[in-house]
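As stored in run_38.txt (compact mmCIF, C-alpha atoms):
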# COMPACT_ATOMS: atom_id res chain seq x y z
CA MET A 1 0.86 0.23 8.08
CA GLY A 2 0.52 3.67 9.60
CA GLY A 3 -3.14 4.14 8.77
CA LEU A 4 -4.53 7.25 7.11
CA GLU A 5 -1.88 9.39 8.78
CA ALA A 6 0.82 7.60 6.78
CA THR A 7 -1.15 8.08 3.56
CA GLU A 8 -1.58 11.79 4.26
CA GLU A 9 2.17 12.10 4.90
CA LEU A 10 2.92 10.26 1.67
CA VAL A 11 0.55 12.52 -0.30
CA GLU A 12 2.11 15.65 1.19
CA LEU A 13 5.66 14.54 0.37
CA CYS A 14 4.63 13.77 -3.22
CA ARG A 15 3.11 17.28 -3.47
CA ILE A 16 -0.23 16.12 -4.78
CA ASN A 17 -2.67 18.91 -5.64
CA LYS A 18 -5.70 19.49 -7.88
CA ASP A 19 -3.55 19.45 -11.04
CA THR A 20 -1.70 16.21 -10.26
CA TYR A 21 -2.30 13.02 -12.26
CA VAL A 22 -1.80 10.15 -9.81
CA LEU A 23 -1.33 6.40 -10.19
CA ASP A 24 -1.95 4.23 -7.11
CA VAL A 25 -0.44 0.77 -7.64
CA GLY A 26 -2.04 -2.03 -5.62
CA CYS A 27 -5.06 0.09 -4.76
CA GLY A 28 -7.01 -2.74 -3.10
CA ALA A 29 -10.62 -1.72 -2.53
CA GLY A 30 -9.95 1.80 -3.79
CA ALA A 31 -9.90 3.69 -0.49
CA THR A 32 -6.76 5.73 -1.17
CA PRO A 33 -7.60 6.77 -4.77
CA CYS A 34 -11.08 7.86 -3.70
CA TYR A 35 -9.68 9.72 -0.70
CA ILE A 36 -7.15 11.60 -2.85
CA ALA A 37 -9.69 12.45 -5.56
CA LYS A 38 -12.22 13.65 -2.99
CA ARG A 39 -9.78 15.74 -0.96
CA TYR A 40 -7.71 17.27 -3.77
CA GLY A 41 -10.03 17.11 -6.78
CA CYS A 42 -7.32 15.60 -8.98
CA ARG A 43 -7.45 12.67 -11.40
CA VAL A 44 -6.40 9.29 -9.98
CA VAL A 45 -5.94 5.88 -11.58
CA GLY A 46 -5.89 2.84 -9.32
CA VAL A 47 -4.63 -0.57 -10.41
CA ASP A 48 -4.75 -3.90 -8.64
CA VAL A 49 -4.01 -7.47 -9.68
CA SER A 50 -7.39 -8.63 -8.32
CA GLU A 51 -10.51 -8.16 -10.45
CA LYS A 52 -12.65 -8.45 -7.31
CA MET A 53 -10.80 -5.52 -5.73
CA ILE A 54 -11.33 -3.45 -8.87
CA ASP A 55 -15.07 -4.21 -8.67
CA TRP A 56 -15.10 -3.03 -5.05
CA SER A 57 -13.11 0.07 -6.03
CA ASN A 58 -15.64 1.05 -8.68
CA LYS A 59 -18.47 0.61 -6.19
CA ARG A 60 -16.63 2.81 -3.70
CA ALA A 61 -16.05 5.52 -6.31
CA ARG A 62 -19.77 5.62 -7.12
CA ARG A 63 -20.70 5.62 -3.43
CA GLU A 64 -18.35 8.53 -2.74
CA SER A 65 -19.35 10.40 -5.94
CA VAL A 66 -15.83 10.59 -7.39
CA GLU A 67 -16.33 8.31 -10.39
CA ASP A 68 -15.70 11.28 -12.73
CA ARG A 69 -12.15 11.68 -11.33
CA VAL A 70 -11.14 8.09 -10.56
CA GLU A 71 -10.47 5.18 -12.90
CA PHE A 72 -9.65 1.60 -11.96
CA ARG A 73 -7.93 -1.13 -13.98
CA VAL A 74 -6.60 -4.63 -13.44
CA ALA A 75 -2.80 -4.58 -13.65
CA ASP A 76 0.29 -6.01 -11.97
CA ALA A 77 2.80 -3.85 -10.10
CA GLN A 78 5.60 -5.25 -12.25
CA ASN A 79 3.77 -4.38 -15.48
CA VAL A 80 1.29 -1.54 -15.01
CA ALA A 81 0.66 -1.37 -18.78
CA PHE A 82 0.77 2.43 -19.17
CA GLU A 83 2.93 4.49 -21.51
CA ASP A 84 6.19 6.01 -20.35
CA ALA A 85 6.19 9.31 -18.42
CA LEU A 86 2.40 9.55 -18.10
CA PHE A 87 1.80 10.36 -14.42
CA ASP A 88 2.92 13.20 -12.18
CA VAL A 89 2.98 10.93 -9.13
CA VAL A 90 3.06 7.16 -8.62
CA ILE A 91 2.38 5.78 -5.14
CA GLY A 92 2.09 2.34 -3.60
CA GLU A 93 1.17 1.25 -0.08
CA SER A 94 2.19 -2.16 1.22
CA VAL A 95 2.60 -3.63 -2.26
CA ILE A 96 6.27 -4.13 -3.14
CA THR A 97 6.82 -5.82 0.22
CA PHE A 98 4.96 -8.82 -1.20
CA ILE A 99 6.90 -8.94 -4.49
CA GLU A 100 10.03 -11.01 -4.96
CA GLU A 101 11.48 -8.86 -7.79
CA LYS A 102 11.29 -5.56 -5.94
CA GLN A 103 13.73 -3.69 -8.17
CA ARG A 104 11.66 -4.54 -11.21
CA ALA A 105 8.54 -3.13 -9.57
CA VAL A 106 10.19 0.11 -8.44
CA SER A 107 11.66 0.58 -11.91
CA GLU A 108 8.20 0.13 -13.41
CA TYR A 109 6.85 2.88 -11.15
CA VAL A 110 9.66 5.14 -12.30
CA ARG A 111 9.08 4.32 -15.97
CA VAL A 112 5.51 5.65 -15.97
CA VAL A 113 6.19 8.83 -13.96
CA LYS A 114 7.12 12.08 -15.73
CA PRO A 115 10.57 13.66 -15.41
CA ASP A 116 10.67 15.58 -12.10
CA GLY A 117 7.63 13.56 -10.96
CA TYR A 118 7.47 11.73 -7.64
CA VAL A 119 7.42 8.07 -6.67
CA GLY A 120 6.23 7.44 -3.12
CA LEU A 121 6.08 4.21 -1.13
CA ASN A 122 4.67 3.24 2.25
CA GLU A 123 6.08 -0.21 2.87
CA GLU A 124 6.80 -2.67 5.67
CA THR A 125 10.33 -2.20 6.96
CA LEU A 126 12.68 -4.13 9.20
CA ILE A 127 13.71 -1.76 11.97
CA LYS A 128 15.89 -4.44 13.55
CA ALA A 129 17.62 -7.18 11.58
CA PRO A 130 17.81 -10.04 11.08
CA LEU A 131 14.24 -11.18 11.60
CA PRO A 132 14.24 -14.34 13.79
CA ALA A 133 13.20 -17.58 12.08
CA GLU A 134 9.99 -17.94 14.10
CA LEU A 135 8.88 -14.44 13.08
CA ILE A 136 9.73 -15.12 9.45
CA GLN A 137 7.39 -18.10 9.57
CA TYR A 138 4.70 -16.03 11.27
CA VAL A 139 4.66 -13.27 8.63
CA LYS A 140 4.70 -15.85 5.85
CA ARG A 141 1.80 -17.77 7.34
CA THR A 142 -0.26 -14.80 8.53
CA TRP A 143 0.37 -12.07 5.97
CA ASP A 144 1.57 -14.17 3.04
CA ILE A 145 4.85 -12.27 2.82
CA GLU A 146 7.14 -14.74 1.11
CA SER A 147 9.89 -12.35 0.03
CA GLU A 148 12.49 -10.66 2.20
CA ILE A 149 11.38 -7.48 4.01
CA PRO A 150 14.02 -4.77 3.46
CA THR A 151 15.48 -2.43 6.04
CA SER A 152 15.18 1.30 5.35
CA ASP A 153 18.67 1.16 3.77
CA GLY A 154 17.42 -1.64 1.54
CA TRP A 155 14.46 0.46 0.37
CA VAL A 156 16.82 3.35 -0.32
CA ARG A 157 19.00 1.15 -2.51
CA LEU A 158 15.93 0.06 -4.49
CA LEU A 159 14.87 3.67 -5.15
CA GLN A 160 18.39 4.73 -6.04
CA GLY A 161 18.75 1.68 -8.27
CA ALA A 162 15.73 2.88 -10.26
CA GLY A 163 17.32 6.31 -10.76
CA LEU A 164 15.38 8.34 -8.21
CA ARG A 165 16.94 11.38 -6.50
CA ASP A 166 16.18 13.79 -3.66
CA LEU A 167 15.10 10.90 -1.47
CA VAL A 168 13.02 11.37 1.67
CA VAL A 169 13.31 8.44 4.11
CA ARG A 170 11.09 8.19 7.19
CA PRO A 171 11.11 4.83 9.02
CA TYR A 172 8.56 4.30 11.78
CA GLU A 173 7.92 1.85 14.56
CA PHE A 174 4.43 0.41 14.99
CA SER A 175 2.00 2.84 16.63
CA ALA A 176 -1.49 1.78 17.70
CA ARG A 177 -2.60 5.42 17.57
CA ARG A 178 -1.53 5.85 13.95
CA GLU A 179 -3.07 2.51 13.00
CA SER A 180 -6.40 3.62 14.47
CA SER A 181 -6.55 6.44 11.91
CA GLN A 182 -7.44 3.72 9.41
CA ILE A 183 -11.04 4.02 10.60
CA LYS A 184 -11.26 7.49 9.07
CA ARG A 185 -10.15 6.08 5.71
CA TYR A 186 -12.66 3.24 5.49
CA GLY A 187 -15.49 4.36 7.76
CA PHE A 188 -17.64 2.30 10.08
CA GLU A 189 -19.77 0.97 7.22
CA ASP A 190 -16.79 -0.77 5.64
CA TYR A 191 -15.57 -2.09 8.99
CA TRP A 192 -19.01 -3.50 9.69
CA ARG A 193 -19.01 -5.16 6.26
CA MET A 194 -15.58 -6.71 6.90
CA LEU A 195 -16.67 -7.96 10.32
CA TYR A 196 -19.85 -9.46 8.90
CA ARG A 197 -17.92 -11.22 6.13
CA THR A 198 -15.37 -12.58 8.61
CA LEU A 199 -18.11 -13.97 10.85
CA SER A 200 -19.94 -15.42 7.85
CA ILE A 201 -16.84 -17.25 6.59
CA SER A 202 -16.07 -18.48 10.11
CA VAL A 203 -19.48 -20.10 10.34
CA ARG A 204 -19.07 -21.89 7.01
CA SER A 205 -15.39 -22.82 7.05
CA PRO A 206 -13.65 -24.96 9.71
CA ALA A 207 -10.32 -24.25 7.99
CA PHE A 208 -10.85 -20.50 8.32
CA ARG A 209 -11.76 -20.88 12.00
CA SER A 210 -8.57 -22.83 12.54
CA TYR A 211 -6.53 -20.14 10.75
CA MET A 212 -8.10 -17.35 12.83
CA LYS A 213 -7.43 -19.24 16.07
CA GLU A 214 -3.82 -19.83 15.09
CA THR A 215 -3.10 -16.21 14.13
CA ARG A 216 -5.15 -14.20 16.59
CA TYR A 217 -2.21 -13.59 18.92
CA LEU A 218 0.72 -11.56 17.63
CA PRO A 219 4.18 -12.64 18.80
CA LYS A 220 5.14 -10.32 21.67
CA ASN A 221 8.40 -9.25 20.06
CA LEU A 222 7.13 -8.82 16.47
CA PHE A 223 7.14 -5.02 16.50
CA GLU A 224 10.64 -4.90 17.91
CA TYR A 225 11.64 -5.94 14.41
CA LEU A 226 8.84 -4.91 12.08
CA GLY A 227 7.76 -1.37 11.31
CA TYR A 228 7.13 0.57 8.16
CA GLY A 229 8.64 3.41 6.22
CA ILE A 230 7.68 6.23 3.90
CA TYR A 231 10.07 6.55 0.97
CA VAL A 232 9.77 9.25 -1.65
CA GLY A 233 12.03 10.07 -4.58
CA ARG A 234 12.01 12.32 -7.61
CA LYS A 235 12.72 11.20 -11.17

Mind converting the file's structure to structure tokens?
Amino acid sequence: MGGLEATEELVELCRINKDTYVLDVGCGAGATPCYIAKRYGCRVVGVDVSEKMIDWSNKRARRESVEDRVEFRVADAQNVAFEDALFDVVIGESVITFIEEKQRAVSEYVRVVKPDGYVGLNEETLIKAPLPAELIQYVKRTWDIESEIPTSDGWVRLLQGAGLRDLVVRPYEFSARRESSQIKRYGFEDYWRMLYRTLSISVRSPAFRSYMKETRYLPKNLFEYLGYGIYVGRK
């Protein structure tokens, strides 16, 4: 959540520059690693649990001519399979929200960052608790979020529990303007590709059409409860 503006804020708080070695956990289709490498000229590693996403990430890196500065691997957020104290910065965007053992994941991020390095998260956040039962069912069904979504205090406890200090905590409510900045991250070509794929699946799959019909309307009060937050700490 928060679009490219949230990513730029996260990058700034983690003090990424041309000399920074960055790990992006849960990189998806590689948009953030490629953006960071292109803008700052630094080395970035992106990991994702999905082999298909890693394939897309490599294609994106070649298309954006940053393949000499970006590397992608298949790995899980709870076991990123790198040596201790390797990276200057570890970031993750909308990843730990989906993980049941959140403390384990945050601790893994901290393990692979150097002393005095930064860990930065952009994660879904409850801005009003508790989440009503009907909204819990909606986020489970629509976004596949099975685990509990923390409040900003909950995220702080996770970062402190992993030994991070000098915390920066910035919770946000949903903003359509900030979300629209996502277009600058992916570009119209990618949005056209996503739209084409959605339409193609809809034609072939009655189950997918039923899912889209069921989830096309957001509950009116969802964003009274659900926002996101940027959380940064130093090892």

*Go ahead and find all residues with at least one atom no further than 6 Å from (11.8, 15.3, -16.2) in the file's coordinates, using all atoms listed in the file; report them as a list in words.*
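Every polymer residue passing the test: Lys114, Pro115 and Asp116 of chain A.
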
*asked:* Could you check the closest approach to Leu121 in chain A for each of A:Ile54, A:Val45, A:Ala31, A:Val168 and tell me which residue wins, using all atoms listed in the file?
replied: A:Val168

_I want to know what sits within 10 Å of Val89 in chain A, based on all atoms listed in the file, with residues of the same chain fewer than 2 positions away left out; could you give that as a PyMOL selection string?_
chain A and resi 11+14-16+20-24+44+85-87+91+109-110+112-114+116-120+234-235

*From the list A:Val232, A:Glu83, A:Glu9, A:Asp55, which residue is nearest Gly30 in chain A when using all atoms listed in the file?*
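Ranking A:Val232, A:Glu83, A:Glu9, A:Asp55 by distance to Gly30 in chain A, first place goes to A:Asp55.
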
*Counting only C-alpha atoms, the option among A:Tyr225, A:Phe174, A:Phe72, A:Trp143 closest to Ala6 in chain A*: A:Phe174

Return the padded bounding box of range 131-146 of chain A as AutoDock Vina command-line options: axis-aligned, built from all atoms listed in the file, 8 Å added on each side, with centre and edge lengths in Å to one decimal.
--center_x 7.0 --center_y -14.6 --center_z 7.6 --size_x 30.5 --size_y 22.9 --size_z 29.0

*Which one is closest to Thr7 in chain A: A:Gly163, A:Val25, A:Thr32, A:Tyr228? Count only C-alpha atoms.*
A:Thr32

*Near range 58-63 of chain A, within 12 Å and counting only C-alpha atoms, which residues show up once chain neighbours fewer than 4 positions away are dropped, as a ChimeraX atom specification?*
/A:27-38,44-48,51-54,67-74,185-187,189-190

*Tell me, in Å to one decimal, how far CA of Ile136 in chain A is from CA of Ile99 in chain A.*
15.5 Å

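Our summary of the geometry notes that CA of Glu12 in chain A is positioned 15.0 Å from CA of Asp166 in chain A.
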